[in-house]
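This report refers to the structure that appears directly beneath it.
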Amino acid sequence: MRVPPPPRTRPGRSRPHTSRPRPYGGRPRRGGVLTYAVLACVTAVSLFPLLWTAVAASSDTTRLARTPPPLWFDGHLAGNLSTAWADADLGAALCNTAFVAGTVAAGTVLFSTLAGFAFAKLRFRGRRALLVVVVGAMAVPPQLSAVPLYLLVARLGWADRLQAVILPALVSAFGVFFMRQYLLGALPGELVEAARVDGAGAGRIVWHVVFPAARPAMAVLAMLTFVMAWNDFLWPVIALTQSGNPTVQVALTGLGRGYVPDQAVIMAGALLGTLPLLLVFVVFGRQIVGGIMRGAVKG
């Protein structure tokens, strides 16, 4: 039987060098032409509505009525923006909407995180039944609760006030379920028990253990809730019809009135109502994506 020769060793090394398959890691894989083509198509389709809104806002009604519609900018953008800003009083409407959306997002994140932690890590009587109620609440259309909610708001004297829009939206069934599902895997039960053994109370556990672990999901929920509250139309148009300080979506309804609505001015108002959302995403988008990635990478 022939004995194989010993493996070769490199100078300065005591261990023999064996040829192993080089693992893939570190370097990002470059996509092919098809990948970039698909991404370019998806980006173009996603940006086209916003681009055409800007094109329509820079045109006039006669130009918008042509067939085919215009696909490039005209010179009426500044005038249409000024008209929409003045006719709909968008300055006050933007401030009201920012206050409403920010308050609703903060309240939803706070209460949903607390309730999600209770459903995920605490044991109490009726926990499963309450969770079934939360999940079932997501299946109820919001249109069904508009009439009883308005009767309740009117009895409390909150009609045509901003609290009528804020308070019913401070807790969402989706937010509670979302945070519960995230904390089930992101927050180990041993960490909560260790904090209790160290003498931490409920407040310290929530502040020093639950909130740091739930930060990525809280950022995502805050962004989703802010966008939904900013774009909400049905309940604000019911609760704030006679108010002098409506939200943006309610204020934009005033631009479409008249025998022949000026579509260019309406599109200019829609563009002004969309720009703050784009600004929020540009400013906080990187932090939110970074929080998601930090929450996804473990080890």
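Labeling convention for the structure tokens: chains A, B, ... as they appear, residues from 1 per chain, ligands from 1 in order of appearance.
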| request: Mind checking which residues fall within 10 Å of A:Leu114, counting only C-alpha atoms, ignoring those fewer than 5 positions away in the same chain, and posting them as an MDAnalysis selection string? | output: chainID A and resid 108:109 119:120 176 179:180 206 210:211
Please produce a file of the residues just selected, as a PDB file, in the first residue's frame, where the atoms kept are all heavy atoms.
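Result file selection19.pdb:
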ATOM      1  N   THR A 108     -49.691  55.895  19.113  1.00  0.00           N
ATOM      2  CA  THR A 108     -49.836  54.522  18.630  1.00  0.00           C
ATOM      3  C   THR A 108     -48.595  53.697  18.936  1.00  0.00           C
ATOM      4  O   THR A 108     -48.700  52.536  19.360  1.00  0.00           O
ATOM      5  CB  THR A 108     -50.108  54.526  17.117  1.00  0.00           C
ATOM      6  OG1 THR A 108     -51.316  55.257  16.861  1.00  0.00           O
ATOM      7  CG2 THR A 108     -50.248  53.116  16.586  1.00  0.00           C
ATOM      8  N   VAL A 109     -47.415  54.276  18.750  1.00  0.00           N
ATOM      9  CA  VAL A 109     -46.184  53.542  19.034  1.00  0.00           C
ATOM     10  C   VAL A 109     -46.078  53.234  20.523  1.00  0.00           C
ATOM     11  O   VAL A 109     -45.722  52.113  20.921  1.00  0.00           O
ATOM     12  CB  VAL A 109     -44.967  54.347  18.542  1.00  0.00           C
ATOM     13  CG1 VAL A 109     -43.670  53.725  19.053  1.00  0.00           C
ATOM     14  CG2 VAL A 109     -44.954  54.400  17.020  1.00  0.00           C
ATOM     15  N   PHE A 119     -48.900  41.230  25.717  1.00  0.00           N
ATOM     16  CA  PHE A 119     -49.385  40.027  25.038  1.00  0.00           C
ATOM     17  C   PHE A 119     -48.248  39.045  24.760  1.00  0.00           C
ATOM     18  O   PHE A 119     -48.475  37.831  24.711  1.00  0.00           O
ATOM     19  CB  PHE A 119     -50.064  40.403  23.721  1.00  0.00           C
ATOM     20  CG  PHE A 119     -51.472  40.890  23.886  1.00  0.00           C
ATOM     21  CD1 PHE A 119     -51.819  42.170  23.511  1.00  0.00           C
ATOM     22  CD2 PHE A 119     -52.458  40.065  24.415  1.00  0.00           C
ATOM     23  CE1 PHE A 119     -53.115  42.631  23.653  1.00  0.00           C
ATOM     24  CE2 PHE A 119     -53.753  40.514  24.575  1.00  0.00           C
ATOM     25  CZ  PHE A 119     -54.093  41.801  24.195  1.00  0.00           C
ATOM     26  N   ALA A 120     -47.037  39.537  24.559  1.00  0.00           N
ATOM     27  CA  ALA A 120     -45.930  38.663  24.162  1.00  0.00           C
ATOM     28  C   ALA A 120     -45.253  38.001  25.354  1.00  0.00           C
ATOM     29  O   ALA A 120     -44.899  36.811  25.283  1.00  0.00           O
ATOM     30  CB  ALA A 120     -44.899  39.460  23.355  1.00  0.00           C
ATOM     31  N   VAL A 176     -50.793  46.903  17.776  1.00  0.00           N
ATOM     32  CA  VAL A 176     -50.651  45.973  18.895  1.00  0.00           C
ATOM     33  C   VAL A 176     -50.205  44.602  18.393  1.00  0.00           C
ATOM     34  O   VAL A 176     -49.279  43.978  18.949  1.00  0.00           O
ATOM     35  CB  VAL A 176     -51.970  45.877  19.672  1.00  0.00           C
ATOM     36  CG1 VAL A 176     -51.880  44.791  20.745  1.00  0.00           C
ATOM     37  CG2 VAL A 176     -52.316  47.218  20.308  1.00  0.00           C
ATOM     38  N   MET A 179     -46.450  44.770  17.082  1.00  0.00           N
ATOM     39  CA  MET A 179     -45.455  44.814  18.137  1.00  0.00           C
ATOM     40  C   MET A 179     -45.417  43.504  18.916  1.00  0.00           C
ATOM     41  O   MET A 179     -44.342  43.068  19.361  1.00  0.00           O
ATOM     42  CB  MET A 179     -45.741  45.979  19.085  1.00  0.00           C
ATOM     43  CG  MET A 179     -45.616  47.347  18.450  1.00  0.00           C
ATOM     44  SD  MET A 179     -44.012  47.652  17.672  1.00  0.00           S
ATOM     45  CE  MET A 179     -42.902  47.403  19.029  1.00  0.00           C
ATOM     46  N   ARG A 180     -46.553  42.869  19.088  1.00  0.00           N
ATOM     47  CA  ARG A 180     -46.567  41.585  19.782  1.00  0.00           C
ATOM     48  C   ARG A 180     -45.780  40.538  19.016  1.00  0.00           C
ATOM     49  O   ARG A 180     -44.967  39.797  19.583  1.00  0.00           O
ATOM     50  CB  ARG A 180     -48.013  41.148  19.979  1.00  0.00           C
ATOM     51  CG  ARG A 180     -48.173  39.874  20.783  1.00  0.00           C
ATOM     52  CD  ARG A 180     -48.570  38.709  19.911  1.00  0.00           C
ATOM     53  NE  ARG A 180     -48.769  37.492  20.672  1.00  0.00           N
ATOM     54  CZ  ARG A 180     -48.954  36.300  20.130  1.00  0.00           C
ATOM     55  NH1 ARG A 180     -48.989  36.165  18.798  1.00  0.00           N
ATOM     56  NH2 ARG A 180     -49.095  35.230  20.880  1.00  0.00           N
ATOM     57  N   VAL A 206     -39.668  48.289  31.169  1.00  0.00           N
ATOM     58  CA  VAL A 206     -40.172  48.804  29.889  1.00  0.00           C
ATOM     59  C   VAL A 206     -39.189  49.790  29.290  1.00  0.00           C
ATOM     60  O   VAL A 206     -38.903  49.751  28.076  1.00  0.00           O
ATOM     61  CB  VAL A 206     -41.557  49.452  30.098  1.00  0.00           C
ATOM     62  CG1 VAL A 206     -41.990  50.207  28.852  1.00  0.00           C
ATOM     63  CG2 VAL A 206     -42.587  48.397  30.448  1.00  0.00           C
ATOM     64  N   VAL A 210     -37.500  46.788  27.219  1.00  0.00           N
ATOM     65  CA  VAL A 210     -38.463  46.611  26.132  1.00  0.00           C
ATOM     66  C   VAL A 210     -38.243  47.631  25.024  1.00  0.00           C
ATOM     67  O   VAL A 210     -38.161  47.268  23.837  1.00  0.00           O
ATOM     68  CB  VAL A 210     -39.901  46.700  26.677  1.00  0.00           C
ATOM     69  CG1 VAL A 210     -40.914  46.559  25.548  1.00  0.00           C
ATOM     70  CG2 VAL A 210     -40.130  45.632  27.728  1.00  0.00           C
ATOM     71  N   PHE A 211     -38.136  48.900  25.363  1.00  0.00           N
ATOM     72  CA  PHE A 211     -37.989  49.927  24.333  1.00  0.00           C
ATOM     73  C   PHE A 211     -36.716  49.767  23.500  1.00  0.00           C
ATOM     74  O   PHE A 211     -36.771  49.894  22.275  1.00  0.00           O
ATOM     75  CB  PHE A 211     -38.041  51.308  24.972  1.00  0.00           C
ATOM     76  CG  PHE A 211     -39.423  51.760  25.353  1.00  0.00           C
ATOM     77  CD1 PHE A 211     -39.627  52.881  26.135  1.00  0.00           C
ATOM     78  CD2 PHE A 211     -40.532  51.051  24.920  1.00  0.00           C
ATOM     79  CE1 PHE A 211     -40.905  53.291  26.482  1.00  0.00           C
ATOM     80  CE2 PHE A 211     -41.824  51.450  25.263  1.00  0.00           C
ATOM     81  CZ  PHE A 211     -42.010  52.573  26.047  1.00  0.00           C
TER      82      PHE A 211
END
Residues at most 12 Å from A:Ala65, counting only C-alpha atoms, excluding those fewer than 6 positions away in the same chain, as a compact mmCIF listing (two decimals) with all heavy atoms, in the first residue's frame?
# COMPACT_ATOMS: atom_id res chain seq x y z
N ALA A 56 -48.94 67.96 -14.17
CA ALA A 56 -50.29 68.51 -14.22
C ALA A 56 -50.40 69.81 -13.43
O ALA A 56 -51.15 70.72 -13.82
CB ALA A 56 -51.29 67.48 -13.67
N SER A 59 -49.41 72.82 -15.49
CA SER A 59 -50.17 73.07 -16.71
C SER A 59 -51.42 73.89 -16.38
O SER A 59 -51.59 74.38 -15.28
CB SER A 59 -50.57 71.74 -17.37
OG SER A 59 -49.42 70.92 -17.60
N ASP A 262 -60.91 73.55 -11.48
CA ASP A 262 -59.59 73.74 -12.09
C ASP A 262 -58.72 72.55 -11.69
O ASP A 262 -58.20 72.50 -10.57
CB ASP A 262 -58.98 75.06 -11.63
CG ASP A 262 -57.79 75.47 -12.47
OD1 ASP A 262 -57.20 74.59 -13.13
OD2 ASP A 262 -57.43 76.66 -12.47
N GLN A 263 -58.57 71.60 -12.59
CA GLN A 263 -57.82 70.39 -12.28
C GLN A 263 -56.35 70.68 -12.01
O GLN A 263 -55.72 69.99 -11.19
CB GLN A 263 -57.96 69.39 -13.44
CG GLN A 263 -59.38 68.98 -13.75
CD GLN A 263 -60.02 68.22 -12.61
OE1 GLN A 263 -59.34 67.59 -11.81
NE2 GLN A 263 -61.35 68.28 -12.52
N ALA A 264 -55.78 71.67 -12.66
CA ALA A 264 -54.37 72.00 -12.43
C ALA A 264 -54.16 72.51 -11.01
O ALA A 264 -53.17 72.16 -10.35
CB ALA A 264 -53.91 73.03 -13.46
With stretch 187-201 of chain A as the partner and 10 Å as the cut-off, tabulate the residues of stretch 51-137 of chain A that qualify, each row holding the nearest pair of atoms and their distance in Å to one decimal, using only C-alpha atoms, sorted by chain and rising number, as a Markdown table.
| residue | atom | partner | partner_atom | distance |
| --- | --- | --- | --- | --- |
| A:Phe117 | CA | A:Leu187 | CA | 9.0 |
| A:Ala120 | CA | A:Leu187 | CA | 9.0 |
| A:Lys121 | CA | A:Gly189 | CA | 6.7 |
| A:Leu122 | CA | A:Gly189 | CA | 9.4 |
| message | Ranking A:Ala239, A:Asp89, A:Ala105, A:Leu252 by minimum distance to A:Gly157 and counting only C-alpha atoms, which one comes first? | response |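 Answer, going by the shortest atom-to-atom distance: A:Ala239.
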Under the rule of at most 10 Å, produce a per-residue listing of stretch 171-205 of chain A near stretch 133-150 of chain A: chain, number, name, the closest pair of atoms, and the distance in Å, as a tab-separated table, using only C-alpha atoms.
residue	atom	partner	partner_atom	distance
A:Ser172	CA	A:Met138	CA	8.5
A:Ala173	CA	A:Val134	CA	5.4
A:Phe174	CA	A:Met138	CA	6.4
A:Gly175	CA	A:Val134	CA	9.9
A:Val176	CA	A:Val134	CA	7.7
A:Phe177	CA	A:Val135	CA	7.1
Prev. selection, all heavy atoms, output as a PDB file, in the first residue's frame:
ATOM      1  N   SER A 172     -54.127  51.295  17.725  1.00  0.00           N
ATOM      2  CA  SER A 172     -54.589  50.547  16.556  1.00  0.00           C
ATOM      3  C   SER A 172     -54.375  49.060  16.795  1.00  0.00           C
ATOM      4  O   SER A 172     -53.370  48.639  17.391  1.00  0.00           O
ATOM      5  CB  SER A 172     -53.837  50.983  15.289  1.00  0.00           C
ATOM      6  OG  SER A 172     -52.482  50.606  15.339  1.00  0.00           O
ATOM      7  N   ALA A 173     -55.327  48.268  16.339  1.00  0.00           N
ATOM      8  CA  ALA A 173     -55.203  46.817  16.490  1.00  0.00           C
ATOM      9  C   ALA A 173     -54.007  46.285  15.706  1.00  0.00           C
ATOM     10  O   ALA A 173     -53.307  45.378  16.169  1.00  0.00           O
ATOM     11  CB  ALA A 173     -56.499  46.139  16.021  1.00  0.00           C
ATOM     12  N   PHE A 174     -53.756  46.861  14.540  1.00  0.00           N
ATOM     13  CA  PHE A 174     -52.596  46.422  13.762  1.00  0.00           C
ATOM     14  C   PHE A 174     -51.298  46.701  14.506  1.00  0.00           C
ATOM     15  O   PHE A 174     -50.377  45.875  14.516  1.00  0.00           O
ATOM     16  CB  PHE A 174     -52.585  47.124  12.410  1.00  0.00           C
ATOM     17  CG  PHE A 174     -51.291  46.952  11.652  1.00  0.00           C
ATOM     18  CD1 PHE A 174     -51.012  45.756  11.008  1.00  0.00           C
ATOM     19  CD2 PHE A 174     -50.350  47.979  11.606  1.00  0.00           C
ATOM     20  CE1 PHE A 174     -49.817  45.583  10.320  1.00  0.00           C
ATOM     21  CE2 PHE A 174     -49.164  47.812  10.922  1.00  0.00           C
ATOM     22  CZ  PHE A 174     -48.898  46.614  10.278  1.00  0.00           C
ATOM     23  N   GLY A 175     -51.199  47.873  15.142  1.00  0.00           N
ATOM     24  CA  GLY A 175     -49.980  48.198  15.873  1.00  0.00           C
ATOM     25  C   GLY A 175     -49.735  47.250  17.034  1.00  0.00           C
ATOM     26  O   GLY A 175     -48.604  46.811  17.272  1.00  0.00           O
ATOM     27  N   VAL A 176     -50.793  46.903  17.776  1.00  0.00           N
ATOM     28  CA  VAL A 176     -50.651  45.973  18.895  1.00  0.00           C
ATOM     29  C   VAL A 176     -50.205  44.602  18.393  1.00  0.00           C
ATOM     30  O   VAL A 176     -49.279  43.978  18.949  1.00  0.00           O
ATOM     31  CB  VAL A 176     -51.970  45.877  19.672  1.00  0.00           C
ATOM     32  CG1 VAL A 176     -51.880  44.791  20.745  1.00  0.00           C
ATOM     33  CG2 VAL A 176     -52.316  47.218  20.308  1.00  0.00           C
ATOM     34  N   PHE A 177     -50.844  44.114  17.357  1.00  0.00           N
ATOM     35  CA  PHE A 177     -50.478  42.797  16.821  1.00  0.00           C
ATOM     36  C   PHE A 177     -49.070  42.817  16.231  1.00  0.00           C
ATOM     37  O   PHE A 177     -48.308  41.848  16.397  1.00  0.00           O
ATOM     38  CB  PHE A 177     -51.499  42.385  15.759  1.00  0.00           C
ATOM     39  CG  PHE A 177     -51.246  41.024  15.181  1.00  0.00           C
ATOM     40  CD1 PHE A 177     -51.536  39.876  15.901  1.00  0.00           C
ATOM     41  CD2 PHE A 177     -50.700  40.880  13.913  1.00  0.00           C
ATOM     42  CE1 PHE A 177     -51.302  38.617  15.374  1.00  0.00           C
ATOM     43  CE2 PHE A 177     -50.460  39.631  13.379  1.00  0.00           C
ATOM     44  CZ  PHE A 177     -50.759  38.494  14.102  1.00  0.00           C
TER      45      PHE A 177
END
| field | Who sits within 12 Å of stretch 222-226 of chain A, only C-alpha atoms, same chain under 3 positions skipped, as an NGL selection string | value | :A and (97-113 or 166 or 169-175 or 178-179 or 214-219 or 229-232 or 276-278 or 280-285 or 287-289)
Using C-alpha atoms, can you export the residues from the last selection as a PDB file, in the first residue's frame?
ATOM      1  CA  THR A  97     -52.086  67.683   9.847  1.00  0.00           C
ATOM      2  CA  ALA A  98     -48.506  67.600  11.127  1.00  0.00           C
ATOM      3  CA  PHE A  99     -49.770  67.943  14.710  1.00  0.00           C
ATOM      4  CA  VAL A 100     -52.445  65.277  14.233  1.00  0.00           C
ATOM      5  CA  ALA A 101     -50.164  62.807  12.427  1.00  0.00           C
ATOM      6  CA  GLY A 102     -47.285  63.296  14.869  1.00  0.00           C
ATOM      7  CA  THR A 103     -49.498  62.885  17.932  1.00  0.00           C
ATOM      8  CA  VAL A 104     -51.240  59.830  16.506  1.00  0.00           C
ATOM      9  CA  ALA A 105     -47.914  58.226  15.537  1.00  0.00           C
ATOM     10  CA  ALA A 106     -46.378  58.844  18.979  1.00  0.00           C
ATOM     11  CA  GLY A 107     -49.434  57.572  20.840  1.00  0.00           C
ATOM     12  CA  THR A 108     -49.836  54.522  18.630  1.00  0.00           C
ATOM     13  CA  VAL A 109     -46.184  53.542  19.034  1.00  0.00           C
ATOM     14  CA  LEU A 110     -46.277  53.993  22.821  1.00  0.00           C
ATOM     15  CA  PHE A 111     -49.520  52.168  23.533  1.00  0.00           C
ATOM     16  CA  SER A 112     -48.952  49.475  20.917  1.00  0.00           C
ATOM     17  CA  THR A 113     -45.504  48.696  22.326  1.00  0.00           C
ATOM     18  CA  ILE A 166     -56.560  62.268  17.387  1.00  0.00           C
ATOM     19  CA  ALA A 169     -56.592  56.767  16.473  1.00  0.00           C
ATOM     20  CA  LEU A 170     -54.154  56.643  19.413  1.00  0.00           C
ATOM     21  CA  VAL A 171     -54.350  52.835  19.561  1.00  0.00           C
ATOM     22  CA  SER A 172     -54.589  50.547  16.556  1.00  0.00           C
ATOM     23  CA  ALA A 173     -55.203  46.817  16.490  1.00  0.00           C
ATOM     24  CA  PHE A 174     -52.596  46.422  13.762  1.00  0.00           C
ATOM     25  CA  GLY A 175     -49.980  48.198  15.873  1.00  0.00           C
ATOM     26  CA  PHE A 178     -47.371  44.005  14.955  1.00  0.00           C
ATOM     27  CA  MET A 179     -45.455  44.814  18.137  1.00  0.00           C
ATOM     28  CA  ALA A 214     -38.377  47.133  20.114  1.00  0.00           C
ATOM     29  CA  ARG A 215     -36.731  50.236  18.617  1.00  0.00           C
ATOM     30  CA  PRO A 216     -36.556  48.980  14.985  1.00  0.00           C
ATOM     31  CA  ALA A 217     -40.196  47.908  14.984  1.00  0.00           C
ATOM     32  CA  MET A 218     -41.207  51.143  16.710  1.00  0.00           C
ATOM     33  CA  ALA A 219     -39.538  53.144  13.939  1.00  0.00           C
ATOM     34  CA  ALA A 229     -52.745  59.574   9.632  1.00  0.00           C
ATOM     35  CA  TRP A 230     -51.513  62.153   7.120  1.00  0.00           C
ATOM     36  CA  ASN A 231     -53.512  60.598   4.265  1.00  0.00           C
ATOM     37  CA  ASP A 232     -56.639  59.800   6.288  1.00  0.00           C
ATOM     38  CA  PRO A 276     -44.022  66.970   3.577  1.00  0.00           C
ATOM     39  CA  LEU A 277     -44.238  63.178   3.447  1.00  0.00           C
ATOM     40  CA  LEU A 278     -41.332  63.077   1.003  1.00  0.00           C
ATOM     41  CA  VAL A 280     -40.000  63.151   6.298  1.00  0.00           C
ATOM     42  CA  PHE A 281     -38.841  60.082   4.394  1.00  0.00           C
ATOM     43  CA  VAL A 282     -35.712  61.836   3.086  1.00  0.00           C
ATOM     44  CA  VAL A 283     -34.768  63.034   6.589  1.00  0.00           C
ATOM     45  CA  PHE A 284     -35.616  59.885   8.583  1.00  0.00           C
ATOM     46  CA  GLY A 285     -35.535  57.159   5.937  1.00  0.00           C
ATOM     47  CA  GLN A 287     -32.351  56.018  10.276  1.00  0.00           C
ATOM     48  CA  ILE A 288     -35.424  53.813   9.876  1.00  0.00           C
ATOM     49  CA  VAL A 289     -33.733  51.475   7.417  1.00  0.00           C
TER      50      VAL A 289
END
At a cut-off of 12 Å, using only C-alpha atoms, what residues contact stretch 77-79 of chain A? Leave out same-chain residues fewer than 6 positions from it and give the result as a CSV table (one decimal) with all heavy atoms, in the first residue's frame.
chain,number,residue,atom,x,y,z
A,53,THR,N,-48.1,64.2,-11.4
A,53,THR,CA,-48.8,65.2,-10.6
A,53,THR,C,-48.1,66.6,-10.7
A,53,THR,O,-48.8,67.6,-10.8
A,53,THR,CB,-48.8,64.8,-9.1
A,53,THR,OG1,-49.5,63.5,-9.0
A,53,THR,CG2,-49.5,65.8,-8.2
A,54,ALA,N,-46.8,66.6,-10.7
A,54,ALA,CA,-46.0,67.8,-10.9
A,54,ALA,C,-46.2,68.4,-12.3
A,54,ALA,O,-46.4,69.6,-12.4
A,54,ALA,CB,-44.5,67.6,-10.6
A,55,VAL,N,-46.3,67.5,-13.3
A,55,VAL,CA,-46.6,68.0,-14.7
A,55,VAL,C,-47.9,68.6,-14.7
A,55,VAL,O,-48.1,69.7,-15.4
A,55,VAL,CB,-46.4,66.8,-15.6
A,55,VAL,CG1,-46.9,67.2,-17.0
A,55,VAL,CG2,-44.9,66.4,-15.7
A,56,ALA,N,-48.9,68.0,-14.2
A,56,ALA,CA,-50.3,68.5,-14.2
A,56,ALA,C,-50.4,69.8,-13.4
A,56,ALA,O,-51.1,70.7,-13.8
A,56,ALA,CB,-51.3,67.5,-13.7
A,57,ALA,N,-49.7,69.9,-12.3
A,57,ALA,CA,-49.7,71.1,-11.5
A,57,ALA,C,-49.0,72.3,-12.3
A,57,ALA,O,-49.4,73.5,-12.0
A,57,ALA,CB,-49.0,70.9,-10.2
A,58,SER,N,-48.2,72.0,-13.2
A,58,SER,CA,-47.5,73.1,-14.0
A,58,SER,C,-48.3,73.5,-15.2
A,58,SER,O,-47.8,74.3,-16.0
A,58,SER,CB,-46.1,72.7,-14.3
A,58,SER,OG,-46.1,71.6,-15.2
A,59,SER,N,-49.4,72.8,-15.5
A,59,SER,CA,-50.2,73.1,-16.7
A,59,SER,C,-51.4,73.9,-16.4
A,59,SER,O,-51.6,74.4,-15.3
A,59,SER,CB,-50.6,71.7,-17.4
A,59,SER,OG,-49.4,70.9,-17.6
A,60,ASP,N,-52.3,74.0,-17.4
A,60,ASP,CA,-53.6,74.6,-17.2
A,60,ASP,C,-54.7,73.6,-17.6
A,60,ASP,O,-54.4,72.6,-18.1
A,60,ASP,CB,-53.7,75.9,-17.9
A,60,ASP,CG,-53.4,75.8,-19.4
A,60,ASP,OD1,-53.3,74.6,-19.9
A,60,ASP,OD2,-53.3,76.8,-20.1
A,85,TRP,N,-52.5,77.3,-2.5
A,85,TRP,CA,-52.1,77.6,-1.1
A,85,TRP,C,-53.0,78.6,-0.5
A,85,TRP,O,-53.4,78.5,0.7
A,85,TRP,CB,-50.7,78.2,-1.1
A,85,TRP,CG,-50.1,78.5,0.2
A,85,TRP,CD1,-50.3,79.7,1.0
A,85,TRP,CD2,-49.3,77.6,1.1
A,85,TRP,NE1,-49.6,79.6,2.2
A,85,TRP,CE2,-49.0,78.4,2.3
A,85,TRP,CE3,-48.8,76.4,0.9
A,85,TRP,CZ2,-48.3,77.8,3.3
A,85,TRP,CZ3,-48.1,75.8,1.9
A,85,TRP,CH2,-47.8,76.5,3.1
A,86,ALA,N,-53.5,79.6,-1.3
A,86,ALA,CA,-54.4,80.6,-0.8
A,86,ALA,C,-55.8,80.2,-0.7
A,86,ALA,O,-56.5,80.4,0.3
A,86,ALA,CB,-54.3,81.9,-1.6
A,264,ALA,N,-55.8,71.7,-12.7
A,264,ALA,CA,-54.4,72.0,-12.4
A,264,ALA,C,-54.2,72.5,-11.0
A,264,ALA,O,-53.2,72.2,-10.4
A,264,ALA,CB,-53.9,73.0,-13.5
A,265,VAL,N,-55.1,73.3,-10.5
A,265,VAL,CA,-55.0,73.8,-9.1
A,265,VAL,C,-55.1,72.7,-8.1
A,265,VAL,O,-54.5,72.6,-7.1
A,265,VAL,CB,-56.0,75.0,-8.9
A,265,VAL,CG1,-56.0,75.4,-7.5
A,265,VAL,CG2,-55.7,76.1,-9.8
A,266,ILE,N,-56.1,71.8,-8.4
A,266,ILE,CA,-56.3,70.6,-7.6
A,266,ILE,C,-55.0,69.8,-7.5
A,266,ILE,O,-54.6,69.3,-6.4
A,266,ILE,CB,-57.4,69.8,-8.1
A,266,ILE,CG1,-58.7,70.6,-8.0
A,266,ILE,CG2,-57.6,68.5,-7.3
A,266,ILE,CD1,-59.9,69.9,-8.5
A,267,MET,N,-54.4,69.5,-8.6
A,267,MET,CA,-53.1,68.8,-8.6
A,267,MET,C,-52.0,69.5,-7.9
A,267,MET,O,-51.1,68.9,-7.3
A,267,MET,CB,-52.7,68.4,-10.1
A,267,MET,CG,-53.7,67.6,-10.8
A,267,MET,SD,-54.2,66.1,-10.0
A,267,MET,CE,-52.7,65.1,-10.3
A,268,ALA,N,-52.0,70.8,-8.0
A,268,ALA,CA,-51.0,71.6,-7.3
A,268,ALA,C,-51.2,71.5,-5.8
A,268,ALA,O,-50.2,71.4,-5.0
A,268,ALA,CB,-51.1,73.1,-7.7
A,269,GLY,N,-52.5,71.5,-5.3
A,269,GLY,CA,-52.7,71.3,-3.9
A,269,GLY,C,-52.3,69.9,-3.5
A,269,GLY,O,-51.8,69.7,-2.4
A,271,LEU,N,-50.0,68.1,-4.8
A,271,LEU,CA,-48.5,68.1,-4.7
A,271,LEU,C,-48.0,68.8,-3.4
A,271,LEU,O,-47.1,68.3,-2.8
A,271,LEU,CB,-47.9,68.9,-5.9
A,271,LEU,CG,-46.4,68.9,-6.1
A,271,LEU,CD1,-45.8,67.5,-6.3
A,271,LEU,CD2,-46.0,69.8,-7.3
A,272,LEU,N,-48.6,69.9,-3.0
A,272,LEU,CA,-48.2,70.5,-1.8
A,272,LEU,C,-48.5,69.6,-0.6
A,272,LEU,O,-47.7,69.6,0.4
A,272,LEU,CB,-48.9,71.8,-1.6
A,272,LEU,CG,-48.5,73.0,-2.5
A,272,LEU,CD1,-49.4,74.2,-2.4
A,272,LEU,CD2,-47.1,73.4,-2.2
| request: Enumerate the residues of stretch 18-262 of chain A with a DSSP assignment of alpha helix (DSSP H), computed from the backbone, and present them as JSON, numbers by chain. | output: {"A": [33, 34, 35, 36, 37, 38, 39, 40, 41, 42, 43, 44, 45, 46, 47, 48, 49, 50, 51, 52, 53, 54, 55, 56, 57, 61, 62, 63, 64, 77, 78, 79, 80, 81, 82, 83, 84, 85, 86, 87, 90, 91, 92, 93, 94, 95, 96, 97, 98, 99, 100, 101, 102, 103, 104, 105, 106, 107, 108, 109, 110, 111, 112, 113, 114, 115, 116, 117, 118, 119, 120, 121, 127, 128, 129, 130, 131, 132, 133, 134, 135, 136, 137, 146, 147, 148, 149, 150, 151, 152, 153, 154, 155, 156, 163, 164, 165, 166, 173, 174, 175, 176, 177, 178, 179, 180, 181, 182, 183, 184, 185, 186, 189, 190, 191, 192, 193, 194, 195, 196, 197, 202, 203, 204, 205, 211, 212, 213, 214, 215, 216, 217, 218, 219, 220, 221, 222, 223, 224, 225, 226, 227, 228, 229, 230, 231, 234, 235, 236, 237, 238, 239, 248, 249, 250, 251, 252]}
| message | For A:Val248, find every residue with an atom within 7 Å (counting only C-alpha atoms), except residues of its own chain fewer than 3 positions away, and show them as a list in words. | response |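 That gives Leu90, Ala93, Leu94, Thr97, Ala251, Leu252 and Gly273 of chain A.
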Written selection (N, CA, C and O atoms) as a short mmCIF file (atom, residue, chain, number, x, y, z; two decimals), in the first residue's frame:
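again16.cif written:
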data_model
loop_
_atom_site.label_atom_id
_atom_site.label_comp_id
_atom_site.auth_asym_id
_atom_site.auth_seq_id
_atom_site.Cartn_x
_atom_site.Cartn_y
_atom_site.Cartn_z
N LEU A 90 -53.68 76.21 2.91
CA LEU A 90 -52.87 75.01 3.17
C LEU A 90 -51.83 75.24 4.25
O LEU A 90 -51.34 74.27 4.83
N ALA A 93 -53.64 74.20 7.30
CA ALA A 93 -53.99 72.78 7.17
C ALA A 93 -52.76 71.89 7.34
O ALA A 93 -52.83 70.83 7.96
N LEU A 94 -51.61 72.31 6.82
CA LEU A 94 -50.39 71.53 6.97
C LEU A 94 -49.96 71.47 8.44
O LEU A 94 -49.51 70.42 8.92
N THR A 97 -52.33 69.08 10.20
CA THR A 97 -52.09 67.68 9.85
C THR A 97 -50.79 67.18 10.46
O THR A 97 -50.72 66.01 10.89
N ALA A 251 -59.01 70.01 3.55
CA ALA A 251 -58.85 71.31 2.89
C ALA A 251 -58.79 71.19 1.38
O ALA A 251 -59.26 72.07 0.65
N LEU A 252 -58.22 70.08 0.88
CA LEU A 252 -58.13 69.91 -0.57
C LEU A 252 -59.48 69.72 -1.22
O LEU A 252 -59.62 69.94 -2.43
N GLY A 273 -49.56 68.84 -0.62
CA GLY A 273 -49.86 67.94 0.48
C GLY A 273 -48.98 66.72 0.54
O GLY A 273 -48.90 66.05 1.58
#
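Computed from the coordinates, the atom CA of A:Ala154 to atom CA of A:Asn96 distance equals 20.3 Å.
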| What is the distance between atom CA of A:Ser46 and atom CA of A:Leu255, in Å to one decimal? |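 Between atom CA of A:Ser46 and atom CA of A:Leu255 the gap works out to 25.9 Å.
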